[in-house]
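For reference, work_2.pdb (PDB, C-alpha atoms):
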ATOM      1  CA  MET A   1      42.810  36.065 -29.644  1.00  0.00           C
ATOM      2  CA  ALA A   2      41.904  35.216 -26.061  1.00  0.00           C
ATOM      3  CA  GLU A   3      41.005  37.944 -23.632  1.00  0.00           C
ATOM      4  CA  ARG A   4      42.221  37.939 -20.047  1.00  0.00           C
ATOM      5  CA  GLY A   5      40.273  35.386 -18.060  1.00  0.00           C
ATOM      6  CA  SER A   6      39.098  33.395 -21.085  1.00  0.00           C
ATOM      7  CA  ALA A   7      40.379  29.945 -21.978  1.00  0.00           C
ATOM      8  CA  GLY A   8      38.476  29.392 -25.198  1.00  0.00           C
ATOM      9  CA  TRP A   9      41.799  28.455 -26.784  1.00  0.00           C
ATOM     10  CA  LEU A  10      41.717  25.283 -24.657  1.00  0.00           C
ATOM     11  CA  GLU A  11      38.491  24.060 -26.257  1.00  0.00           C
ATOM     12  CA  SER A  12      39.988  22.342 -29.265  1.00  0.00           C
ATOM     13  CA  GLU A  13      43.010  20.413 -30.373  1.00  0.00           C
ATOM     14  CA  GLY A  14      44.311  23.763 -31.637  1.00  0.00           C
ATOM     15  CA  LEU A  15      46.349  23.660 -28.444  1.00  0.00           C
ATOM     16  CA  THR A  16      48.741  21.296 -30.214  1.00  0.00           C
ATOM     17  CA  ALA A  17      49.414  23.889 -32.934  1.00  0.00           C
ATOM     18  CA  LEU A  18      50.464  26.669 -30.555  1.00  0.00           C
ATOM     19  CA  ASP A  19      54.148  27.490 -30.320  1.00  0.00           C
ATOM     20  CA  ALA A  20      55.762  27.909 -26.895  1.00  0.00           C
ATOM     21  CA  SER A  21      55.582  31.723 -26.908  1.00  0.00           C
ATOM     22  CA  GLU A  22      51.898  31.858 -27.845  1.00  0.00           C
ATOM     23  CA  LEU A  23      51.009  29.154 -25.334  1.00  0.00           C
ATOM     24  CA  ALA A  24      52.864  31.014 -22.564  1.00  0.00           C
ATOM     25  CA  ARG A  25      51.079  34.254 -23.460  1.00  0.00           C
ATOM     26  CA  LEU A  26      47.641  32.599 -23.457  1.00  0.00           C
ATOM     27  CA  VAL A  27      48.272  30.811 -20.155  1.00  0.00           C
ATOM     28  CA  ASP A  28      49.384  34.123 -18.610  1.00  0.00           C
ATOM     29  CA  ARG A  29      46.191  35.838 -19.789  1.00  0.00           C
ATOM     30  CA  THR A  30      43.883  33.104 -18.494  1.00  0.00           C
ATOM     31  CA  SER A  31      42.583  33.247 -14.942  1.00  0.00           C
ATOM     32  CA  GLU A  32      43.495  30.471 -12.536  1.00  0.00           C
ATOM     33  CA  ARG A  33      39.830  29.614 -12.072  1.00  0.00           C
ATOM     34  CA  GLU A  34      39.229  29.331 -15.808  1.00  0.00           C
ATOM     35  CA  LEU A  35      42.336  27.182 -16.341  1.00  0.00           C
ATOM     36  CA  ARG A  36      41.268  24.786 -13.608  1.00  0.00           C
ATOM     37  CA  HIS A  37      37.719  24.631 -14.981  1.00  0.00           C
ATOM     38  CA  ARG A  38      38.815  23.917 -18.553  1.00  0.00           C
ATOM     39  CA  LEU A  39      41.567  21.416 -17.734  1.00  0.00           C
ATOM     40  CA  ILE A  40      39.198  18.528 -17.106  1.00  0.00           C
ATOM     41  CA  GLY A  41      37.975  15.756 -19.386  1.00  0.00           C
ATOM     42  CA  GLY A  42      39.207  15.553 -22.959  1.00  0.00           C
ATOM     43  CA  VAL A  43      40.955  18.934 -22.879  1.00  0.00           C
ATOM     44  CA  ARG A  44      42.985  17.757 -19.897  1.00  0.00           C
ATOM     45  CA  GLU A  45      44.116  14.670 -21.820  1.00  0.00           C
ATOM     46  CA  ILE A  46      45.109  16.718 -24.871  1.00  0.00           C
ATOM     47  CA  ALA A  47      46.984  19.280 -22.753  1.00  0.00           C
ATOM     48  CA  LEU A  48      48.899  16.665 -20.739  1.00  0.00           C
ATOM     49  CA  ARG A  49      49.766  14.607 -23.806  1.00  0.00           C
ATOM     50  CA  GLU A  50      51.068  17.749 -25.529  1.00  0.00           C
ATOM     51  CA  ILE A  51      53.111  18.919 -22.517  1.00  0.00           C
ATOM     52  CA  PHE A  52      54.896  15.587 -22.213  1.00  0.00           C
ATOM     53  CA  ARG A  53      55.274  15.116 -25.975  1.00  0.00           C
ATOM     54  CA  ARG A  54      57.137  18.439 -26.128  1.00  0.00           C
ATOM     55  CA  MET A  55      59.321  17.864 -23.077  1.00  0.00           C
ATOM     56  CA  PRO A  56      62.290  16.392 -25.029  1.00  0.00           C
ATOM     57  CA  GLU A  57      62.268  19.509 -27.254  1.00  0.00           C
ATOM     58  CA  TYR A  58      62.881  21.735 -24.236  1.00  0.00           C
ATOM     59  CA  LEU A  59      65.831  19.861 -22.798  1.00  0.00           C
ATOM     60  CA  ARG A  60      69.077  21.859 -22.843  1.00  0.00           C
ATOM     61  CA  PRO A  61      71.582  19.076 -23.669  1.00  0.00           C
ATOM     62  CA  ALA A  62      74.660  21.026 -22.574  1.00  0.00           C
ATOM     63  CA  ARG A  63      73.146  21.725 -19.158  1.00  0.00           C
ATOM     64  CA  ALA A  64      71.946  18.131 -18.820  1.00  0.00           C
ATOM     65  CA  ALA A  65      75.495  16.731 -18.989  1.00  0.00           C
ATOM     66  CA  GLY A  66      75.943  14.293 -16.127  1.00  0.00           C
ATOM     67  CA  PHE A  67      72.235  14.289 -15.281  1.00  0.00           C
ATOM     68  CA  ASP A  68      70.842  10.771 -15.188  1.00  0.00           C
ATOM     69  CA  ALA A  69      67.409  10.294 -13.694  1.00  0.00           C
ATOM     70  CA  ILE A  70      63.928   8.952 -14.171  1.00  0.00           C
ATOM     71  CA  VAL A  71      61.273  11.494 -13.268  1.00  0.00           C
ATOM     72  CA  ALA A  72      57.760  10.336 -12.409  1.00  0.00           C
ATOM     73  CA  TRP A  73      55.047  12.939 -12.909  1.00  0.00           C
ATOM     74  CA  GLN A  74      51.748  12.455 -11.071  1.00  0.00           C
ATOM     75  CA  ILE A  75      49.024  14.787 -12.299  1.00  0.00           C
ATOM     76  CA  THR A  76      46.044  14.909  -9.946  1.00  0.00           C
ATOM     77  CA  GLY A  77      42.362  15.291 -10.742  1.00  0.00           C
ATOM     78  CA  ALA A  78      42.060  12.419 -13.246  1.00  0.00           C
ATOM     79  CA  GLY A  79      38.906  11.069 -11.613  1.00  0.00           C
ATOM     80  CA  GLY A  80      36.677  13.186 -13.849  1.00  0.00           C
ATOM     81  CA  ASP A  81      34.993  16.461 -12.992  1.00  0.00           C
ATOM     82  CA  GLY A  82      38.284  17.593 -11.456  1.00  0.00           C
ATOM     83  CA  ARG A  83      38.067  15.124  -8.554  1.00  0.00           C
ATOM     84  CA  PRO A  84      41.443  14.801  -6.829  1.00  0.00           C
ATOM     85  CA  ASP A  85      41.174  11.029  -6.302  1.00  0.00           C
ATOM     86  CA  GLY A  86      42.528  10.060  -9.735  1.00  0.00           C
ATOM     87  CA  VAL A  87      46.080  10.523 -10.969  1.00  0.00           C
ATOM     88  CA  ASP A  88      47.586  10.428 -14.456  1.00  0.00           C
ATOM     89  CA  GLU A  89      51.212   9.321 -14.504  1.00  0.00           C
ATOM     90  CA  TYR A  90      53.964  10.132 -16.979  1.00  0.00           C
ATOM     91  CA  TRP A  91      57.603   9.126 -16.812  1.00  0.00           C
ATOM     92  CA  ILE A  92      60.604  10.698 -18.473  1.00  0.00           C
ATOM     93  CA  ARG A  93      64.187   9.515 -18.582  1.00  0.00           C
ATOM     94  CA  VAL A  94      66.924  12.129 -18.822  1.00  0.00           C
ATOM     95  CA  SER A  95      70.384  10.762 -19.550  1.00  0.00           C
ATOM     96  CA  ASP A  96      73.253  11.304 -21.972  1.00  0.00           C
ATOM     97  CA  GLY A  97      71.960  14.803 -22.747  1.00  0.00           C
ATOM     98  CA  ARG A  98      68.644  13.426 -24.003  1.00  0.00           C
ATOM     99  CA  CYS A  99      65.102  13.215 -22.704  1.00  0.00           C
ATOM    100  CA  ARG A 100      62.596  10.599 -23.654  1.00  0.00           C
ATOM    101  CA  LEU A 101      59.061   9.816 -22.571  1.00  0.00           C
ATOM    102  CA  LEU A 102      58.730   6.279 -21.211  1.00  0.00           C
ATOM    103  CA  SER A 103      55.672   4.297 -22.255  1.00  0.00           C
ATOM    104  CA  GLU A 104      55.858   1.848 -19.343  1.00  0.00           C
ATOM    105  CA  PRO A 105      56.275   2.662 -15.661  1.00  0.00           C
ATOM    106  CA  PRO A 106      59.835   2.106 -14.461  1.00  0.00           C
ATOM    107  CA  GLU A 107      60.653  -0.053 -11.463  1.00  0.00           C
ATOM    108  CA  ALA A 108      61.588   3.069  -9.532  1.00  0.00           C
ATOM    109  CA  ALA A 109      61.886   6.780 -10.146  1.00  0.00           C
ATOM    110  CA  ASP A 110      64.672   8.996  -8.856  1.00  0.00           C
ATOM    111  CA  ILE A 111      62.332  11.988  -8.590  1.00  0.00           C
ATOM    112  CA  SER A 112      58.541  12.078  -8.170  1.00  0.00           C
ATOM    113  CA  ILE A 113      56.630  15.276  -8.857  1.00  0.00           C
ATOM    114  CA  ARG A 114      52.942  15.626  -7.999  1.00  0.00           C
ATOM    115  CA  THR A 115      50.793  18.547  -9.090  1.00  0.00           C
ATOM    116  CA  ASP A 116      47.517  19.503 -10.723  1.00  0.00           C
ATOM    117  CA  PRO A 117      47.243  20.191 -14.474  1.00  0.00           C
ATOM    118  CA  ALA A 118      46.804  23.972 -14.135  1.00  0.00           C
ATOM    119  CA  THR A 119      49.942  24.320 -12.011  1.00  0.00           C
ATOM    120  CA  LEU A 120      51.877  22.075 -14.398  1.00  0.00           C
ATOM    121  CA  LEU A 121      50.808  24.190 -17.375  1.00  0.00           C
ATOM    122  CA  ARG A 122      51.759  27.401 -15.561  1.00  0.00           C
ATOM    123  CA  VAL A 123      55.174  26.012 -14.563  1.00  0.00           C
ATOM    124  CA  VAL A 124      56.124  24.618 -17.993  1.00  0.00           C
ATOM    125  CA  THR A 125      55.138  27.880 -19.699  1.00  0.00           C
ATOM    126  CA  GLY A 126      57.195  29.955 -17.268  1.00  0.00           C
ATOM    127  CA  ASN A 127      54.140  31.590 -15.691  1.00  0.00           C
ATOM    128  CA  GLU A 128      54.762  30.117 -12.257  1.00  0.00           C
ATOM    129  CA  ASP A 129      58.016  29.525 -10.420  1.00  0.00           C
ATOM    130  CA  PRO A 130      58.206  25.851  -9.404  1.00  0.00           C
ATOM    131  CA  VAL A 131      59.833  26.768  -6.078  1.00  0.00           C
ATOM    132  CA  LEU A 132      56.901  29.055  -5.240  1.00  0.00           C
ATOM    133  CA  ALA A 133      54.482  26.310  -6.328  1.00  0.00           C
ATOM    134  CA  VAL A 134      56.180  23.995  -3.804  1.00  0.00           C
ATOM    135  CA  LEU A 135      55.951  26.657  -1.091  1.00  0.00           C
ATOM    136  CA  LYS A 136      52.250  27.156  -1.904  1.00  0.00           C
ATOM    137  CA  GLN A 137      51.814  23.355  -1.657  1.00  0.00           C
ATOM    138  CA  ARG A 138      50.581  23.168  -5.252  1.00  0.00           C
ATOM    139  CA  LEU A 139      53.525  21.013  -6.315  1.00  0.00           C
ATOM    140  CA  SER A 140      55.344  18.376  -4.278  1.00  0.00           C
ATOM    141  CA  VAL A 141      58.677  16.742  -4.945  1.00  0.00           C
ATOM    142  CA  ARG A 142      60.002  13.497  -3.498  1.00  0.00           C
ATOM    143  CA  GLY A 143      63.177  11.539  -4.057  1.00  0.00           C
ATOM    144  CA  ASP A 144      66.586  12.956  -4.901  1.00  0.00           C
ATOM    145  CA  LEU A 145      66.037  16.643  -4.155  1.00  0.00           C
ATOM    146  CA  ALA A 146      69.505  17.624  -5.401  1.00  0.00           C
ATOM    147  CA  LEU A 147      68.643  16.195  -8.837  1.00  0.00           C
ATOM    148  CA  ALA A 148      65.162  17.719  -8.683  1.00  0.00           C
ATOM    149  CA  ALA A 149      66.654  21.165  -8.068  1.00  0.00           C
ATOM    150  CA  ARG A 150      68.549  20.845 -11.367  1.00  0.00           C
ATOM    151  CA  LEU A 151      65.396  20.232 -13.412  1.00  0.00           C
ATOM    152  CA  THR A 152      64.675  23.947 -13.827  1.00  0.00           C
ATOM    153  CA  LYS A 153      68.186  24.460 -15.168  1.00  0.00           C
ATOM    154  CA  ILE A 154      68.232  21.613 -17.673  1.00  0.00           C
ATOM    155  CA  PHE A 155      64.852  22.401 -19.235  1.00  0.00           C
ATOM    156  CA  ALA A 156      63.960  25.643 -20.962  1.00  0.00           C
ATOM    157  CA  VAL A 157      60.949  26.839 -19.011  1.00  0.00           C
ATOM    158  CA  GLY A 158      58.586  29.006 -20.990  1.00  0.00           C
ATOM    159  CA  PRO A 159      59.372  30.451 -24.405  1.00  0.00           C
ATOM    160  CA  ALA A 160      63.021  30.509 -25.407  1.00  0.00           C
TER     161      ALA A 160
END
Could the structure of this file be written out as structure tokens, please?
Amino acid sequence: MAERGSAGWLESEGLTALDASELARLVDRTSERELRHRLIGGVREIALREIFRRMPEYLRPARAAGFDAIVAWQITGAGGDGRPDGVDEYWIRVSDGRCRLLSEPPEAADISIRTDPATLLRVVTGNEDPVLAVLKQRLSVRGDLALAARLTKIFAVGPA
């Protein structure tokens, strides 16, 4: 069990075995500084891969009716040692009440979201409000802002 401020749980691929409730609890108990420190290198890759692998599981199909968009996610700090000059990109397609991770970059995205891995982890676990993250300039959104505003309603944020 992790104590407040400790992110030892991020040290192994055990992250992939955590359910949404446990992950949210551990993220909440981990200091911002520790999250940022640990989310570099191999742990960063594991965490990002797991976040985007799970994204289709958190879509609320009934609320996604009529939503049709490609969302480009740009996660900063991929240059190693937390340098902000590198970016990892992920793309999801939400349509017909389904979400799928795209393996190839699309020609164009309807929505582009840029953030760092710690903010992303806090937002997807329900530990940070995405609107406040935008106001704090820790998350930026470009493209169709009306569609982007619906994202928080069509995905279950944090534990169900």
Which region 63-115 of chain A residues have any atom within 8 Å of an atom of region 45-57 of chain A, and for each, what is the nearest pair of atoms with distance in Å to one decimal, counting only C-alpha atoms, rows sorted by chain and number, as JSON lines?
{"residue": "A:Tyr90", "atom": "CA", "partner": "A:Phe52", "partner_atom": "CA", "distance": 7.6}
{"residue": "A:Arg98", "atom": "CA", "partner": "A:Pro56", "partner_atom": "CA", "distance": 7.1}
{"residue": "A:Cys99", "atom": "CA", "partner": "A:Pro56", "partner_atom": "CA", "distance": 4.8}
{"residue": "A:Arg100", "atom": "CA", "partner": "A:Pro56", "partner_atom": "CA", "distance": 6.0}
{"residue": "A:Leu101", "atom": "CA", "partner": "A:Phe52", "partner_atom": "CA", "distance": 7.1}
Ranking A:Val157, A:Ala20, A:Val87, A:Ile40 by minimum distance to Glu128 (chain A) and counting all atoms listed in the file, which one comes first?
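Answer, going by the shortest atom-to-atom distance: A:Val157.
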Length of the CA of Ser21 (chain A) to CA of Val94 (chain A) vector [Å]:
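Answer for the CA of Ser21 (chain A) to CA of Val94 (chain A) separation: 24.0 Å.
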As a short mmCIF file (atom, residue, chain, number, x, y, z; two decimals) with C-alpha atoms, keeping the file's coordinate frame, please: the residues near Val123 (chain A) (cut-off 9 Å, all atoms listed in the file, same-chain neighbours under 4 positions excluded).
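And here's part_2.cif as it stands now:
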data_model
loop_
_atom_site.label_atom_id
_atom_site.label_comp_id
_atom_site.auth_asym_id
_atom_site.auth_seq_id
_atom_site.Cartn_x
_atom_site.Cartn_y
_atom_site.Cartn_z
CA ALA A 118 46.80 23.97 -14.14
CA THR A 119 49.94 24.32 -12.01
CA ASN A 127 54.14 31.59 -15.69
CA GLU A 128 54.76 30.12 -12.26
CA ASP A 129 58.02 29.52 -10.42
CA PRO A 130 58.21 25.85 -9.40
CA ALA A 133 54.48 26.31 -6.33
CA VAL A 157 60.95 26.84 -19.01
CA GLY A 158 58.59 29.01 -20.99
#
Each side padded by 5 Å, which centre and which edge lengths in Å (one decimal) define the axis-aligned box around the listed atoms of region 20-26 of chain A? Give them as lines of an AutoDock Vina configuration file.
center_x = 51.7
center_y = 31.1
center_z = -25.2
size_x = 18.1
size_y = 16.3
size_z = 15.3
So that I can check the surroundings of Ile154 (chain A), please list as a list of chain:residue names every protein, DNA and RNA residue that reaches within 9 Å of it, counting only C-alpha atoms and ignoring chain neighbours fewer than 4 positions away.
A:Tyr58, A:Leu59, A:Arg60, A:Pro61, A:Ala62, A:Arg63, A:Ala64, A:Ala65, A:Phe67, A:Arg150
Could you tell me how far CA of Leu26 (chain A) sits from CA of Lys136 (chain A), in Å to one decimal place?
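Distance between the two atoms: 22.7 Å.
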Output check: residues returned by the PyMOL selection byres ((chain A and resi 103) around 9), as a ChimeraX atom specification:
/A:90-92,101-102,104-105
Do you know which residues the PyMOL selection byres ((chain A and resi 32) around 10) returns on this file, as a PyMOL selection string?
chain A and resi 5+7+27-31+33-37+118-119+122
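Pairwise distance (CA of Ala78 (chain A), CA of Leu120 (chain A)) equals 13.8 Å.
Distances here use all atoms listed in the file; by that measure, the residue among A:Ala24, A:Ile113, A:Ala17, A:Val71 closest to Leu139 (chain A) is A:Ile113.
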Just so the selection is clear, what residues does the PyMOL selection byres ((chain A and resi 147) around 9) cover here, as a short mmCIF file (atom, residue, chain, number, x, y, z; two decimals) with C-alpha atoms, keeping the file's coordinate frame?
data_model
loop_
_atom_site.label_atom_id
_atom_site.label_comp_id
_atom_site.auth_asym_id
_atom_site.auth_seq_id
_atom_site.Cartn_x
_atom_site.Cartn_y
_atom_site.Cartn_z
CA PHE A 67 72.24 14.29 -15.28
CA ASP A 68 70.84 10.77 -15.19
CA ALA A 69 67.41 10.29 -13.69
CA ASP A 110 64.67 9.00 -8.86
CA ILE A 111 62.33 11.99 -8.59
CA GLY A 143 63.18 11.54 -4.06
CA ASP A 144 66.59 12.96 -4.90
CA LEU A 145 66.04 16.64 -4.16
CA ALA A 146 69.50 17.62 -5.40
CA ALA A 148 65.16 17.72 -8.68
CA ALA A 149 66.65 21.16 -8.07
CA ARG A 150 68.55 20.84 -11.37
CA LEU A 151 65.40 20.23 -13.41
#
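Each of A:Val43, A:Val124, A:Ile70, A:Leu23 was compared to Phe155 (chain A) using all atoms listed in the file, and A:Val124 turns out to be the nearest.
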Nearest to Arg114 (chain A) among A:Gly126, A:Leu132, A:Arg138, A:Gly97, with distances taken over only C-alpha atoms: which residue is it?
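For Arg114 (chain A), the nearest of the given residues is A:Arg138.
Of the residues listed (A:Asp88, A:Val131, A:Ile75, A:Leu39), A:Leu39 shows the shortest atom-to-atom separation from Leu15 (chain A); distances use all atoms listed in the file.
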Taking only C-alpha atoms into account, name the residue in A:Leu18, A:Ala72, A:Leu121, A:Ala156 that is nearest to Arg142 (chain A).
A:Ala72
